[in-house]
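Undergrad: Have a look at the structure that comes next, please.
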Amino acid sequence: MPFTPTRADTHALQRHADRVALRIIRTCRIPRHEQEDLRQDLLTDLFARLKGFDPARGELGAFAAACFDHRAIRLTERILRGRATMAPISLDDPQPGGEGLTIGDSIAEADGYAAWLGQPTDAFAAVERRIDLDRALGTLPAETLPLCAELTERSPHELAKASPTSRATLYRHLRELRLRLLVAGIPAAA
């Protein structure tokens, strides 16, 4: 028979989850309003693992502490990994060879949000990419252009649901379209 915690056990677990959530908040330096979400995540993970708890082998508090610690480590790693991918550089970092200039000083507002996140922006590359796309679209047969226009607004899955043709036919056309674009010099998106 699976273990069912009492009301007192549940209150104790919630208090323990609150403390662990605060520890994650301090470690990751995230806003305090995230505490409730973290607590719910910790408790959900614990209750999913509760079927593996055997009261004859130990106390619920020790089992919960181990579950909370393991989940806290995974949550902390996920938060820090997400932060590292979103903003790998600081705008306040000194610019290499910039004599006191920061990276933020060298980014124009016209470069857009991607530049503020440290992604490369090259206006010439964007123009060349647009010219390549126009040239590649010019090599496509006229009957494929409506499909290209539809794909700018909807995903292939949405198109397949709304289209009177079969899903297999649509995906065959997409495969042919990708091959034609590859031949025209446009590689598949990563």
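Order determines the names: the first chain of the structure tokens is A, the second B, and so forth; residues in each chain are numbered 1 upward, and ligands are numbered 1 upward as they are shown.
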As a list in words, please: the residues near A:Gly52 (cut-off 10 Å, only C-alpha atoms, same-chain neighbours under 6 positions excluded).
TA: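 Result of the neighbour search: Pro2, Phe3 and Phe63 of chain A.
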Undergrad: Write out as a ChimeraX atom specification all residues of stretch 28-101 of chain A that backbone DSSP assigns to helix (DSSP H, G or I).
TA: /A:28,32-52,60-86
Undergrad: Output the selection as a PDB file, in the first residue's frame - C-alpha atoms for each residue.
TA:
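Contents of the output file part.pdb:
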```
ATOM      1  CA  CYS A  28      20.845  31.920  -8.321  1.00  0.00           C
ATOM      2  CA  ARG A  32      11.798  36.529  -4.533  1.00  0.00           C
ATOM      3  CA  HIS A  33       8.456  36.189  -6.336  1.00  0.00           C
ATOM      4  CA  GLU A  34       9.795  32.963  -7.900  1.00  0.00           C
ATOM      5  CA  GLN A  35       9.670  31.231  -4.498  1.00  0.00           C
ATOM      6  CA  GLU A  36       6.142  29.851  -4.949  1.00  0.00           C
ATOM      7  CA  ASP A  37       6.970  28.344  -8.357  1.00  0.00           C
ATOM      8  CA  LEU A  38      10.132  26.760  -7.005  1.00  0.00           C
ATOM      9  CA  ARG A  39       8.280  25.387  -3.985  1.00  0.00           C
ATOM     10  CA  GLN A  40       5.617  23.863  -6.221  1.00  0.00           C
ATOM     11  CA  ASP A  41       8.290  22.316  -8.431  1.00  0.00           C
ATOM     12  CA  LEU A  42      10.034  20.803  -5.399  1.00  0.00           C
ATOM     13  CA  LEU A  43       6.799  19.425  -3.928  1.00  0.00           C
ATOM     14  CA  THR A  44       5.635  18.036  -7.284  1.00  0.00           C
ATOM     15  CA  ASP A  45       8.928  16.201  -7.685  1.00  0.00           C
ATOM     16  CA  LEU A  46       8.688  14.862  -4.134  1.00  0.00           C
ATOM     17  CA  PHE A  47       5.112  13.619  -4.534  1.00  0.00           C
ATOM     18  CA  ALA A  48       6.045  11.929  -7.797  1.00  0.00           C
ATOM     19  CA  ARG A  49       8.806  10.061  -5.945  1.00  0.00           C
ATOM     20  CA  LEU A  50       6.724   9.326  -2.856  1.00  0.00           C
ATOM     21  CA  LYS A  51       5.695   5.933  -4.203  1.00  0.00           C
ATOM     22  CA  GLY A  52       9.313   4.872  -3.639  1.00  0.00           C
ATOM     23  CA  LEU A  60       9.734  10.988   5.649  1.00  0.00           C
ATOM     24  CA  GLY A  61      11.772  14.086   6.526  1.00  0.00           C
ATOM     25  CA  ALA A  62      15.042  12.455   5.491  1.00  0.00           C
ATOM     26  CA  PHE A  63      13.525  11.136   2.276  1.00  0.00           C
ATOM     27  CA  ALA A  64      12.074  14.568   1.484  1.00  0.00           C
ATOM     28  CA  ALA A  65      15.387  16.292   2.252  1.00  0.00           C
ATOM     29  CA  ALA A  66      17.210  14.021  -0.200  1.00  0.00           C
ATOM     30  CA  CYS A  67      14.561  14.565  -2.890  1.00  0.00           C
ATOM     31  CA  PHE A  68      14.561  18.346  -2.341  1.00  0.00           C
ATOM     32  CA  ASP A  69      18.361  18.516  -2.458  1.00  0.00           C
ATOM     33  CA  HIS A  70      18.573  16.562  -5.691  1.00  0.00           C
ATOM     34  CA  ARG A  71      15.823  18.599  -7.339  1.00  0.00           C
ATOM     35  CA  ALA A  72      17.353  21.856  -6.079  1.00  0.00           C
ATOM     36  CA  ILE A  73      20.642  20.957  -7.737  1.00  0.00           C
ATOM     37  CA  ARG A  74      18.899  20.253 -11.045  1.00  0.00           C
ATOM     38  CA  LEU A  75      16.852  23.465 -10.843  1.00  0.00           C
ATOM     39  CA  THR A  76      19.920  25.555  -9.987  1.00  0.00           C
ATOM     40  CA  GLU A  77      21.871  24.072 -12.894  1.00  0.00           C
ATOM     41  CA  ARG A  78      18.978  24.733 -15.278  1.00  0.00           C
ATOM     42  CA  ILE A  79      18.589  28.339 -14.120  1.00  0.00           C
ATOM     43  CA  LEU A  80      22.315  29.072 -14.365  1.00  0.00           C
ATOM     44  CA  ARG A  81      22.618  27.329 -17.741  1.00  0.00           C
ATOM     45  CA  GLY A  82      19.675  29.334 -19.080  1.00  0.00           C
ATOM     46  CA  ARG A  83      21.198  32.553 -17.798  1.00  0.00           C
ATOM     47  CA  ALA A  84      24.533  31.727 -19.423  1.00  0.00           C
ATOM     48  CA  THR A  85      22.944  31.104 -22.811  1.00  0.00           C
ATOM     49  CA  MET A  86      20.794  34.228 -22.684  1.00  0.00           C
TER      50      MET A  86
END
```
Undergrad: Taking only C-alpha atoms into account, which of A:Leu13, A:Leu179, A:Ala149, A:Ile107 comes nearest A:Asp92?
TA: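 The answer is A:Ile107, which sits nearest to A:Asp92.
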